[in-house]
Structures are given as structure tokens and as C-alpha cells.
$ cat my_file06.cif   # mmCIF, C-alpha atoms
data_entry
loop_
_atom_site.label_atom_id
_atom_site.label_comp_id
_atom_site.auth_asym_id
_atom_site.auth_seq_id
_atom_site.Cartn_x
_atom_site.Cartn_y
_atom_site.Cartn_z
CA MET A 423 -4.94 8.43 -31.19
CA VAL A 424 -7.35 7.85 -28.33
CA ARG A 425 -10.46 9.97 -28.46
CA VAL A 426 -11.87 11.24 -25.16
CA LEU A 427 -15.60 11.78 -24.87
CA LYS A 428 -17.05 14.17 -22.33
CA SER A 429 -19.34 12.93 -19.61
CA THR A 430 -21.75 15.06 -17.64
CA LYS A 431 -21.58 12.97 -14.47
CA LYS A 432 -18.37 11.81 -12.83
CA LYS A 433 -18.63 8.25 -11.62
CA SER A 434 -15.51 6.41 -12.68
CA ILE A 435 -12.63 6.57 -15.09
CA PHE A 436 -14.72 4.62 -17.60
CA ASN A 437 -17.43 7.28 -17.55
CA TYR A 438 -14.71 9.85 -18.06
CA LEU A 439 -13.44 8.03 -21.14
CA PHE A 440 -16.66 6.86 -22.73
CA ASP A 441 -20.29 7.97 -22.61
CA ASP A 442 -21.27 4.44 -23.59
CA LEU A 443 -19.04 1.40 -23.16
CA ARG A 444 -20.28 0.13 -26.53
CA THR A 445 -18.19 2.85 -28.14
CA LEU A 446 -15.09 1.06 -26.90
CA SER A 447 -14.86 -0.74 -30.23
CA GLU A 448 -14.32 2.61 -31.97
CA PHE A 449 -10.98 3.19 -30.26
CA VAL A 450 -7.56 1.83 -31.02
CA PHE A 451 -5.08 1.70 -28.13
CA ASN A 452 -1.41 1.56 -29.03
CA PHE A 453 0.92 2.00 -26.08
CA SER A 454 4.27 1.93 -27.84
CA GLU A 455 7.50 3.28 -26.38
CA ASN A 456 7.27 6.19 -28.81
CA MET A 457 3.93 7.40 -27.48
CA ILE A 458 4.14 10.87 -25.96
CA PHE A 459 2.13 11.50 -22.81
CA THR A 460 1.31 15.10 -22.09
CA PRO A 461 0.06 16.58 -18.80
CA VAL A 462 -3.25 18.27 -19.57
CA ARG A 463 -4.77 19.19 -16.21
CA LYS A 464 -3.61 20.37 -12.81
CA SER A 465 -6.16 18.36 -10.83
CA TYR A 466 -8.70 15.59 -11.08
CA THR A 467 -11.50 14.89 -8.61
CA VAL A 468 -12.87 11.43 -7.79
CA THR A 469 -16.43 11.15 -6.50
CA ASP A 470 -18.63 8.35 -5.20
CA GLU A 471 -22.05 7.29 -6.48
CA ASN A 472 -23.66 10.17 -4.53
CA ASP A 473 -21.28 12.75 -6.03
CA ASN A 474 -19.45 13.19 -2.72
CA VAL A 475 -15.83 14.14 -3.32
CA ILE A 476 -13.61 11.28 -2.10
CA TYR A 477 -10.19 12.61 -3.03
CA THR A 478 -8.46 14.99 -5.41
CA ILE A 479 -5.30 14.34 -7.40
CA LYS A 480 -3.29 17.44 -8.17
CA ALA A 481 0.18 18.58 -9.18
CA ASP A 482 2.29 20.18 -6.49
CA PRO A 483 1.44 23.92 -6.60
CA SER A 484 5.14 24.79 -6.38
CA ILE A 485 5.82 23.36 -9.86
CA LYS A 486 4.47 24.23 -13.27
CA LEU A 487 2.20 21.78 -15.02
CA ARG A 488 4.59 21.27 -17.92
CA ASP A 489 7.31 20.20 -15.46
CA ILE A 490 5.38 17.20 -14.12
CA ASP A 491 6.85 14.89 -16.73
CA LYS A 492 10.49 15.90 -16.11
CA PHE A 493 12.49 13.37 -14.11
CA ASN A 494 14.81 14.41 -11.29
CA SER A 495 18.16 12.61 -11.45
CA ILE A 496 20.15 11.53 -8.40
CA ASN A 497 23.80 10.77 -7.65
CA LEU A 498 24.22 6.98 -7.73
CA GLU A 499 27.96 7.03 -7.10
CA ARG A 500 27.54 7.83 -3.42
CA GLU A 501 27.29 4.73 -1.24
CA GLU A 502 24.47 4.89 1.32
CA SER A 503 24.95 3.23 4.71
CA LEU A 504 21.95 4.53 6.64
CA ILE A 505 19.80 2.26 8.80
CA SER A 506 16.56 1.10 7.20
CA VAL A 507 13.68 -0.97 8.55
CA GLY A 508 11.33 -2.80 6.21
CA ILE A 509 7.81 -3.65 7.38
CA ASP A 510 5.57 -6.00 5.44
CA ALA A 511 2.19 -7.62 6.05
CA SER A 512 1.24 -10.84 4.36
CA SER A 513 -1.79 -13.11 4.48
CA VAL A 514 -2.60 -16.52 3.07
CA PRO A 515 -5.78 -17.41 1.14
CA SER A 516 -8.82 -17.94 3.36
CA GLN A 517 -9.60 -21.48 4.42
CA CYS A 518 -12.92 -22.57 5.85
CA LEU A 519 -15.07 -25.56 6.67
CA CYS A 520 -18.13 -25.72 4.47
CA ARG A 521 -21.18 -27.86 3.75
CA GLY A 522 -23.09 -26.90 0.63
CA ASN A 523 -23.41 -23.11 0.72
CA THR A 524 -22.96 -22.94 4.48
CA ARG A 525 -19.62 -21.94 5.98
CA PHE A 526 -19.25 -22.75 9.64
CA LEU A 527 -15.73 -21.65 10.44
CA LEU A 528 -13.10 -19.51 8.82
CA ILE A 529 -9.59 -18.95 10.15
CA LYS A 530 -7.43 -16.29 8.54
CA PRO A 531 -3.77 -15.85 9.49
CA TYR A 532 -2.03 -12.49 9.19
CA VAL A 533 1.73 -12.34 9.20
CA ILE A 534 3.63 -9.14 9.84
CA CYS A 535 7.39 -8.84 10.25
CA ALA A 536 10.21 -6.34 10.30
CA SER A 537 13.65 -7.49 9.26
CA GLY A 538 16.91 -6.57 7.60
CA ASP A 539 20.55 -7.05 8.51
CA ASP A 540 20.81 -3.33 9.15
CA ALA A 541 17.93 -3.30 11.65
CA GLN A 542 19.23 -5.37 14.55
CA PHE A 543 17.65 -3.12 17.16
CA ILE A 544 14.24 -4.12 15.79
CA LEU A 545 15.10 -7.79 15.43
CA GLU A 546 16.21 -8.03 19.05
CA GLU A 547 12.77 -7.05 20.34
CA MET A 548 10.35 -7.91 17.57
CA SER A 549 11.46 -10.08 14.67
CA GLN A 550 8.02 -11.27 13.67
CA THR A 551 4.41 -11.13 14.75
CA ILE A 552 1.74 -13.60 13.68
CA LYS A 553 -1.94 -12.82 14.17
CA TYR A 554 -4.79 -15.24 13.59
CA LEU A 555 -8.24 -13.87 12.94
CA ILE A 556 -11.06 -16.30 13.63
CA LEU A 557 -14.49 -15.57 12.18
CA ILE A 558 -17.16 -17.91 13.46
CA SER A 559 -20.67 -18.39 12.18
CA ASP A 560 -23.37 -18.12 14.84
CA LYS A 561 -24.42 -21.63 13.79
CA LEU A 562 -21.30 -23.10 15.36
CA TYR A 563 -20.43 -23.11 19.04
CA LEU A 564 -16.86 -23.07 20.33
CA SER A 565 -15.92 -23.28 23.99
CA ASN A 566 -13.06 -20.76 23.67
CA LYS A 567 -14.33 -17.56 25.33
CA LYS A 568 -11.97 -15.40 23.30
CA SER A 569 -13.71 -16.51 20.12
CA LYS A 570 -16.83 -14.59 21.11
CA LYS A 571 -15.04 -11.40 20.17
CA ALA A 572 -14.94 -12.62 16.59
CA LEU A 573 -18.50 -13.94 16.39
CA TYR A 574 -20.42 -12.84 13.28
CA HIS A 575 -23.84 -13.72 11.96
CA HIS A 576 -23.67 -16.16 9.09
CA TYR A 577 -24.94 -13.71 6.48
CA LYS A 578 -22.24 -11.23 7.52
CA LEU A 579 -19.60 -13.86 6.94
CA GLN A 580 -20.83 -14.18 3.38
CA ASN A 581 -21.57 -10.56 2.52
CA ASN A 582 -19.08 -8.53 4.50
CA LEU A 583 -16.14 -10.87 4.82
CA GLU A 584 -13.77 -9.15 2.42
CA TYR A 585 -14.19 -5.68 3.89
CA THR A 586 -14.05 -6.95 7.47
CA ILE A 587 -10.82 -8.86 6.91
CA LYS A 588 -9.17 -5.98 5.06
CA HIS A 589 -10.14 -3.57 7.82
CA ILE A 590 -8.69 -5.77 10.54
CA LYS A 591 -5.53 -6.53 8.60
CA GLU A 592 -4.73 -3.00 7.48
CA GLY A 593 -6.14 -1.35 10.55
CA LYS A 594 -5.94 -2.86 13.99
CA ILE A 595 -3.11 -5.35 13.48
CA PHE A 596 -0.87 -3.22 11.29
CA ALA A 597 -1.47 -0.05 13.29
CA ASP A 598 -0.43 -1.79 16.52
CA PHE A 599 2.71 -3.14 14.92
CA LEU A 600 3.79 0.17 13.39
CA GLU A 601 3.11 1.94 16.67
CA ASN A 602 5.40 -0.50 18.48
CA ILE A 603 8.22 -0.15 15.95
CA VAL A 604 8.07 3.65 16.07
CA GLN A 605 8.22 3.57 19.87
CA ILE A 606 11.20 1.20 19.84
CA ALA A 607 13.03 3.51 17.42
CA ILE A 608 12.29 6.49 19.68
CA ASP A 609 13.45 4.60 22.78
CA TYR A 610 16.73 3.71 21.06
CA GLY A 611 17.19 7.32 19.97
CA TYR A 612 17.15 6.57 16.24
CA LYS A 613 16.08 9.27 13.78
CA TYR A 614 17.09 10.94 10.53
CA ASP A 615 19.09 14.18 10.53
CA SER A 616 20.41 15.79 7.34
CA ASN A 617 23.52 16.91 9.25
CA LYS A 618 24.40 13.43 10.58
CA LYS A 619 26.39 10.69 8.89
CA ASP A 620 24.35 8.17 6.93
CA GLY A 621 25.34 5.29 9.20
CA GLU A 622 23.58 7.03 12.07
CA ASN A 623 20.35 7.83 10.24
CA LEU A 624 17.13 5.80 10.16
CA ILE A 625 14.30 5.46 7.62
CA ILE A 626 11.28 3.18 8.12
CA PHE A 627 9.88 1.63 4.94
CA LYS A 628 6.31 0.34 4.88
CA ASP A 629 5.55 -2.16 2.14
CA GLY A 630 2.45 -0.83 0.39
CA SER A 631 0.55 2.44 0.63
CA ILE A 632 1.60 4.54 3.60
CA LEU A 633 -1.97 4.64 4.97
CA SER A 634 -2.87 1.19 3.60
CA ASN A 635 -5.50 2.83 1.35
CA SER A 636 -7.67 3.18 4.44
CA GLU A 637 -8.01 6.92 3.84
CA ILE A 638 -10.72 6.12 1.29
CA GLY A 639 -12.62 4.27 4.00
CA LEU A 640 -12.15 7.31 6.21
CA SER A 641 -13.80 9.55 3.66
CA HIS A 642 -16.73 7.15 3.25
CA ALA A 643 -17.11 6.84 7.02
CA ILE A 644 -17.32 10.60 7.47
CA PHE A 645 -19.86 11.04 4.68
CA SER A 646 -21.99 8.23 6.09
CA LYS A 647 -21.47 9.49 9.67
CA ASN A 648 -20.39 5.99 10.65
CA THR A 649 -17.24 6.63 12.69
CA LYS A 650 -16.99 3.20 14.33
CA ARG A 651 -14.28 2.13 11.88
CA LEU A 652 -12.05 5.19 12.33
CA GLU A 653 -10.19 4.00 15.41
CA SER A 654 -7.62 1.87 13.61
CA PHE A 655 -7.09 4.49 10.88
CA LEU A 656 -6.40 7.19 13.47
CA LYS A 657 -3.96 4.89 15.25
CA LEU A 658 -2.05 4.32 12.02
CA TYR A 659 -2.16 8.02 11.15
CA ASN A 660 -1.03 9.08 14.62
CA SER A 661 1.87 6.61 14.58
CA ILE A 662 3.23 8.26 11.43
CA LYS A 663 2.64 11.65 13.03
CA THR A 664 4.53 10.61 16.18
CA ALA A 665 7.40 9.31 14.05
CA GLY A 666 7.66 12.62 12.19
CA LYS A 667 7.68 14.64 15.40
CA ASN A 668 10.58 12.51 16.63
CA GLY A 669 12.60 12.89 13.46
CA ILE A 670 11.75 9.50 11.91
CA PRO A 671 10.62 9.55 8.26
CA ILE A 672 8.24 6.80 7.10
CA VAL A 673 8.01 5.97 3.40
CA GLY A 674 5.39 3.77 1.76
CA ILE A 675 6.73 1.70 -1.14
CA VAL A 676 4.04 0.67 -3.63
CA LYS A 677 4.96 -1.97 -6.21
CA ASP A 678 1.75 -1.54 -8.18
CA SER A 679 2.46 1.42 -10.44
CA GLN A 680 -0.29 0.29 -12.81
CA SER A 681 -2.88 2.10 -10.74
CA LEU A 682 -4.84 5.04 -12.17
CA LEU A 683 -3.41 7.95 -10.20
CA LEU A 684 -0.85 9.78 -12.30
CA SER A 685 -2.90 8.92 -15.38
CA LYS A 686 -5.66 11.32 -14.37
CA LEU A 687 -3.39 14.27 -15.12
CA PHE A 688 -2.12 13.02 -18.50
CA TYR A 689 -3.33 12.49 -22.04
CA PRO A 690 -3.78 10.00 -23.64
CA PHE A 691 -5.22 7.82 -20.91
CA SER A 692 -3.07 4.90 -19.78
CA SER A 693 -1.93 3.17 -16.59
CA ASP A 694 0.64 4.85 -14.36
CA TYR A 695 3.02 2.05 -15.30
CA HIS A 696 2.90 2.90 -19.02
CA ILE A 697 3.16 6.63 -18.45
CA VAL A 698 6.23 6.39 -16.22
CA ARG A 699 7.98 3.96 -18.55
CA ASN A 700 7.27 5.96 -21.69
CA LEU A 701 8.35 9.24 -20.13
CA ALA A 702 11.56 7.61 -18.89
CA PHE A 703 12.34 5.98 -22.24
CA ARG A 704 11.77 9.26 -24.02
CA GLN A 705 14.12 11.11 -21.67
CA LYS A 706 16.63 8.22 -21.46
CA VAL A 707 16.85 8.24 -17.67
CA ILE A 708 17.42 5.59 -14.98
CA TYR A 709 17.03 5.77 -11.19
CA SER A 710 15.15 9.04 -11.13
CA TYR A 711 11.79 10.36 -9.96
CA LEU A 712 9.00 12.72 -10.98
CA ASN A 713 7.89 15.72 -8.97
CA PRO A 714 5.25 14.78 -6.37
CA ILE A 715 1.59 14.36 -7.22
CA LYS A 716 -0.64 15.15 -4.24
CA LYS A 717 -3.59 13.08 -3.19
CA VAL A 718 -5.90 15.23 -1.05
CA ILE A 719 -8.45 13.29 0.99
CA GLU A 720 -11.89 14.87 1.37
CA PRO A 721 -13.43 16.30 3.41
CA HIS A 722 -10.25 16.50 5.54
CA LYS A 723 -8.09 18.60 3.25
CA ASN A 724 -5.27 18.48 5.79
CA ILE A 725 -4.77 14.78 4.95
CA GLU A 726 -2.44 14.85 1.96
CA ILE A 727 -0.17 12.19 0.50
CA ASP A 728 2.72 13.07 -1.81
CA ASN A 729 3.24 10.41 -4.48
CA TYR A 730 6.68 10.18 -6.08
CA PHE A 731 6.76 8.04 -9.22
CA THR A 732 10.20 6.52 -9.76
CA PHE A 733 11.84 4.81 -12.72
CA LEU A 734 14.71 2.39 -12.10
CA GLU A 735 15.75 0.26 -15.10
CA ARG A 736 14.21 -0.82 -18.38
CA ASP A 737 13.39 -4.38 -17.26
CA ILE A 738 12.44 -3.40 -13.70
CA SER A 739 8.94 -2.18 -12.84
CA PRO A 740 8.56 1.43 -11.62
CA LEU A 741 7.81 2.06 -7.95
CA ARG A 742 5.63 4.67 -6.30
CA LEU A 743 6.94 6.17 -3.06
CA GLU A 744 4.47 7.79 -0.65
CA VAL A 745 5.03 10.24 2.20
CA ILE A 746 2.80 12.50 4.27
CA PRO A 747 4.28 16.02 3.86
CA LEU A 748 2.60 17.29 7.03
CA PHE A 749 4.76 14.90 9.06
CA LYS A 750 8.13 15.86 7.63
CA PRO A 751 10.76 15.64 10.38
CA LYS A 752 12.23 19.04 11.21
CA SER A 753 15.69 17.50 11.04
CA ILE A 754 15.54 17.02 7.26
CA ASN A 755 15.65 19.63 4.54
CA ASN A 756 12.79 18.16 2.47
CA PHE A 757 11.26 14.82 1.57
CA ASN A 758 13.06 14.85 -1.79
CA GLU A 759 16.18 13.99 0.19
CA ILE A 760 14.49 10.91 1.69
CA ILE A 761 13.14 9.86 -1.73
CA GLU A 762 16.62 10.06 -3.22
CA LYS A 763 18.10 8.05 -0.34
CA THR A 764 15.43 5.39 -0.94
CA ILE A 765 16.29 5.18 -4.64
CA GLN A 766 20.00 4.95 -3.81
CA LEU A 767 19.34 2.06 -1.41
CA THR A 768 17.30 0.38 -4.14
CA TYR A 769 20.14 0.83 -6.61
CA GLN A 770 22.63 -0.73 -4.18
CA ASN A 771 20.51 -3.88 -3.73
CA ASN A 772 21.32 -6.23 -6.61
CA TYR A 773 18.61 -8.77 -5.77
CA ILE A 774 15.63 -8.93 -8.13
CA HIS A 775 12.17 -9.57 -6.68
CA GLU A 776 9.63 -11.28 -8.96
CA PHE A 777 5.97 -10.73 -8.09
CA HIS A 778 2.84 -11.16 -10.23
CA LYS A 779 5.00 -11.85 -13.29
CA ARG A 780 6.90 -8.57 -12.90
CA ARG A 781 10.44 -7.84 -11.77
CA TYR A 782 11.14 -5.38 -8.96
CA LYS A 783 14.09 -3.92 -7.11
CA LEU A 784 13.58 -2.76 -3.54
CA PRO A 785 15.70 -1.56 -0.62
CA TYR A 786 17.20 -4.64 1.01
CA SER A 787 15.24 -4.30 4.26
CA VAL A 788 11.92 -4.16 2.37
CA LEU A 789 12.83 -7.13 0.17
CA LYS A 790 13.94 -9.14 3.21
CA SER A 791 10.76 -8.44 5.17
CA ASP A 792 8.62 -9.31 2.12
CA GLN A 793 10.41 -12.65 1.67
CA GLN A 794 10.20 -13.46 5.36
CA ALA A 795 6.51 -12.60 5.54
CA ARG A 796 5.72 -14.85 2.57
CA SER A 797 7.72 -17.71 4.10
CA ILE A 798 5.87 -17.41 7.42
CA ALA A 799 2.55 -17.14 5.57
CA HIS A 800 3.29 -20.40 3.77
CA ASP A 801 3.99 -22.14 7.11
CA ALA A 802 0.84 -20.58 8.59
CA LYS A 803 -1.26 -21.92 5.71
CA THR A 804 -0.09 -25.47 6.50
CA LEU A 805 -0.77 -24.99 10.21
CA ILE A 806 -4.29 -23.68 9.60
CA HIS A 807 -5.08 -26.62 7.33
CA GLU A 808 -4.02 -29.02 10.08
CA LYS A 809 -6.19 -27.20 12.65
CA LEU A 810 -9.23 -27.32 10.37
CA ASN A 811 -8.72 -31.07 9.91
CA GLN A 812 -8.74 -31.50 13.67
CA ILE A 813 -11.98 -29.56 13.99
CA LYS A 814 -13.52 -31.46 11.07
CA THR A 815 -13.13 -34.79 12.86
CA ARG A 816 -15.12 -33.48 15.86
CA ILE A 817 -18.15 -32.27 13.86
CA PRO A 818 -20.94 -34.90 13.66
CA PHE A 819 -21.78 -34.26 9.99
CA PRO A 820 -19.55 -34.22 6.87
CA MET A 821 -17.79 -30.97 6.00
CA LYS A 822 -15.13 -30.02 3.47
CA ILE A 823 -12.10 -27.78 3.82
CA LYS A 824 -12.22 -25.16 1.12
CA GLN A 825 -9.87 -22.35 0.16
CA GLY A 826 -11.56 -19.02 -0.40
CA PHE A 827 -15.04 -17.90 0.51
CA GLU A 828 -16.97 -17.88 -2.77
#
$ encode --input "my_file06.cif" --output "C-alpha cells"
Amino acid sequence: MVRVLKSTKKKSIFNYLFDDLRTLSEFVFNFSENMIFTPVRKSYTVTDENDNVIYTIKADPSIKLRDIDKFNSINLEREESLISVGIDASSVPSQCLCRGNTRFLLIKPYVICASGDDAQFILEEMSQTIKYLILISDKLYLSNKKSKKALYHHYKLQNNLEYTIKHIKEGKIFADFLENIVQIAIDYGYKYDSNKKDGENLIIFKDGSILSNSEIGLSHAIFSKNTKRLESFLKLYNSIKTAGKNGIPIVGIVKDSQSLLLSKLFYPFSSDYHIVRNLAFRQKVIYSYLNPIKKVIEPHKNIEIDNYFTFLERDISPLRLEVIPLFKPKSINNFNEIIEKTIQLTYQNNYIHEFHKRRYKLPYSVLKSDQQARSIAHDAKTLIHEKLNQIKTRIPFPMKIKQGFE
């Protein structure tokens, strides 16, 4: 049995578990299929180093705490034929020219695509979009005027590269793309209506968290009163809002169910992956989902994300489906209906997706967009390497092409 020690100050999950990390040796962790996980709290608050509340995890107030671990079954016999669009963003490892500890040039490609045989109206206008982000040290001069927009001091390239790239990828580029897809769907008159036939209904699936985890950055920006980085988040947020107002549901599909979200409401402590699997094995269910766990972003309590943890098959990793309840289309009864449709589409797709040594099943449109994005990213990696070689030959001193930015 895992022993939980109390901590007076909330900093991280490790502080919650242990007062001193040296006590780790006292504990024995045994995550067998027979382990019983029990919900022990209705909410859990996450704070930053200054004790500012970043977000709160809590059970849906409409359900009782003891019902959190009960799976909802769905009808798998019904064949779904609704229209689905899968959107995925992919990037290749950074490549840069370097000499010693000095990096002069870094080019980072971002690949975003929407695809799927059942999404021809998207493919006709926008099958793929490739964006190249160029970060240039102020020690190197390029004649291209557009490159000035991406000019950073050398120390910023070293210290702030990861955050800058993530912000641009998940913010500006992705927000623009999602905005365009939503507008195309509106122009074509596509939406989801509970009273329409499935073949006439549309769902947009976003690979990854529905807000790209940028809501955490939003909270930090507000606390620090640095609102310069909010533009891209608001664009992404407003695109989902516009979609909901026009009857288009957007669902985020997260493959990483090993995160520490659901775990904050259960005892003993484990990853979400282990909790979902053990609960499902104990109840002998397949293709079902748990009641939603809300993630409330502070200090904007109106920003809430409902997280539906799903279990598919024994040898297939669980998925987490995310929706923003505030943007529920009026044409649907509730988001549970959309979650069940998503699971049914996943069930109908027999292809298995292997990623990070785990096996996944996804709706066909999401799987197709993921595969296409990775293929384009591979081609982009080769192209970038060729471009760096060309630049290398024009620099009067020796430089190496290196992957990564250590």
C-alpha cells in the first residue's frame, strides 16, 4: 500500500506525495491489474511557485464522487457514417549551424494538415500547410528582409528557444489553420445536428489537447501581467467558440493518458493510464468512457475543459477526449453524444497506430492526418538539411550541422 504524507505547501505532485524525496525508498509501488483505485476527493488545485492558483481539477458537480469510476457503455452495433475532419500538427527535430557553443542559424519546419477520405470539402481547398520558422542569431546577417521578423539575440536563442518555438507552433500557426478550417466548414454549411442523419453531420477532431495546453501559459501571463503572448491563444479559443456557435463541435484527442490529471482525484497515486486500465479491467468493459473531469483555468473560471477518459481494448492505450462545455452547439443534446460518436468511429477503424512504443486506435480522419503530417515532416527534415548545407558553403569559417539545440 502506498503511504501518502501530508505537505504544508503545495508545489508539485511530488511534494504532495512526499515531504522529503529521500523517503521514496520507504514505499513499494505495485500497480497490478487487481489494484483498486478509489476516488477520494472532489477537487485538486495546482499552484505555481508563488502559490498562485493555475488550475483546478474537479469532478462534474452533476455526479456523485463515488460515480467517477463507473464507465458509461455505448452501442457499438450502430454504424456511424458522419463526416469527420482530423487536424494534426507535426514538427521535425531542430537543425542548426553551430561552431563550438555558438549557434548562428536555426530553421524549424512545422507541418500541419487536415485529411481523411470523408473530408473532401477540406481537401479541395486546403490539403496541407507547411510553415518554416527561421530563428536567426544577431551575429549572422541575411539579405532576406522577411527574416528580420524572426531575428533574436543570441542568448535568447539559447535560453528561450523551446518556449518560443512551442508558442509559435501551438499558437500563431495552429490558430490560423483551425480558424480557416472552421470558416470553410461554415461556408459549406456543415455542422452537427442531433436530428439529422449521421452522413450529414460533421465533427472536427484536433490531434492533441483542444487548447494545445496554452491555457497554462494564459494563466501565467495574467498573473505576470504580460499579455503580449495572449493573441494567439485568444485566436485559438475564439475559433472554437465560433465553431460552437455555428453548430460545429470540436474534440481534442489526447493520446497521452499517462498524464497526472485524473490521478489527482484518486488513491493510491498512479498515472491516468494505470487508473483507467485498472478500473476498466475490474469492471470488464470495452469502448466506454468515464464521466467528465473538469479542468478550470484560473483566474478565468469561465474557461473550463471537460476531460473524458476512454477505454478501448486491453492491448490498446486509453485516450482522453477534451471539449469546452461552454461552446456546446445548440443543435446537440449534450457532449456525451459527441464523445460516444467519437468512440464509435474509433471502434470502426481497424488500423492500429503505434507511437512511443504504445498501440493506439483513432478515428480514421485523425489517424490519416497524423500519418500524413509525419510523412511531410520527414520530407521537410531532408529539405532543411539540404538548405543548411547550401548556407554552410557560403560561410567563410567552418561550421557543423547539428540536430537539436543543446
$ resolve_selection --input "my_file06.cif" --expression "the PyMOL selection byres ((chain A and resi 753) around 7)" --output "list in words"
Tyr614, Asp615, Ser616, Gly669, Pro751, Lys752, Ile754 and Asn755 of chain A
$ write_last_selection --input "my_file06.cif" --atoms "C-alpha atoms" --output "PDB file, in the frame of the given file"
ATOM      1  CA  TYR A 614      17.090  10.940  10.530  1.00  0.00           C
ATOM      2  CA  ASP A 615      19.090  14.180  10.530  1.00  0.00           C
ATOM      3  CA  SER A 616      20.410  15.790   7.340  1.00  0.00           C
ATOM      4  CA  GLY A 669      12.600  12.890  13.460  1.00  0.00           C
ATOM      5  CA  PRO A 751      10.760  15.640  10.380  1.00  0.00           C
ATOM      6  CA  LYS A 752      12.230  19.040  11.210  1.00  0.00           C
ATOM      7  CA  ILE A 754      15.540  17.020   7.260  1.00  0.00           C
ATOM      8  CA  ASN A 755      15.650  19.630   4.540  1.00  0.00           C
TER       9      ASN A 755
END
$ resolve_selection --input "my_file06.cif" --expression "the PyMOL selection byres ((chain A and resi 624-628) around 10)" --output "VMD selection string"
chain A and resid 503 to 511 536 540 to 541 600 603 to 604 607 611 to 615 620 to 623 629 to 634 665 669 to 676 743 to 744 760 763 to 764 785 787 to 788 791
$ residues_around --input "my_file06.cif" --residues "Arg488 of chain A" --least-positions-apart "6" --cutoff "9 Å" --atoms "all atoms listed in the file" --output "count of residues only"
3
$ closest_residue --input "my_file06.cif" --among "A:Lys814, A:Arg699, A:Lys480, A:Lys706" --to "Arg521 of chain A" --atoms "only C-alpha atoms"
A:Lys814
$ axis_aligned_box --input "my_file06.cif" --around "segment 458-471 of chain A" --padding-each-side "5 Å" --output "AutoDock Vina command-line options"
--center_x -9.0 --center_y 13.8 --center_z -15.6 --size_x 36.2 --size_y 23.1 --size_z 30.8
$ atom_distance --input "my_file06.cif" --atom1 "atom CA of Tyr730 of chain A" --atom2 "atom CA of Arg463 of chain A"
17.7 Å
$ resolve_selection --input "my_file06.cif" --expression "the PyMOL selection byres ((chain A and resi 796) around 9)" --output "PyMOL selection string"
chain A and resi 511-514+533+791-795+797-801
$ atom_distance --input "my_file06.cif" --atom1 "atom CA of Tyr709 of chain A" --atom2 "atom CA of Leu734 of chain A"
4.2 Å
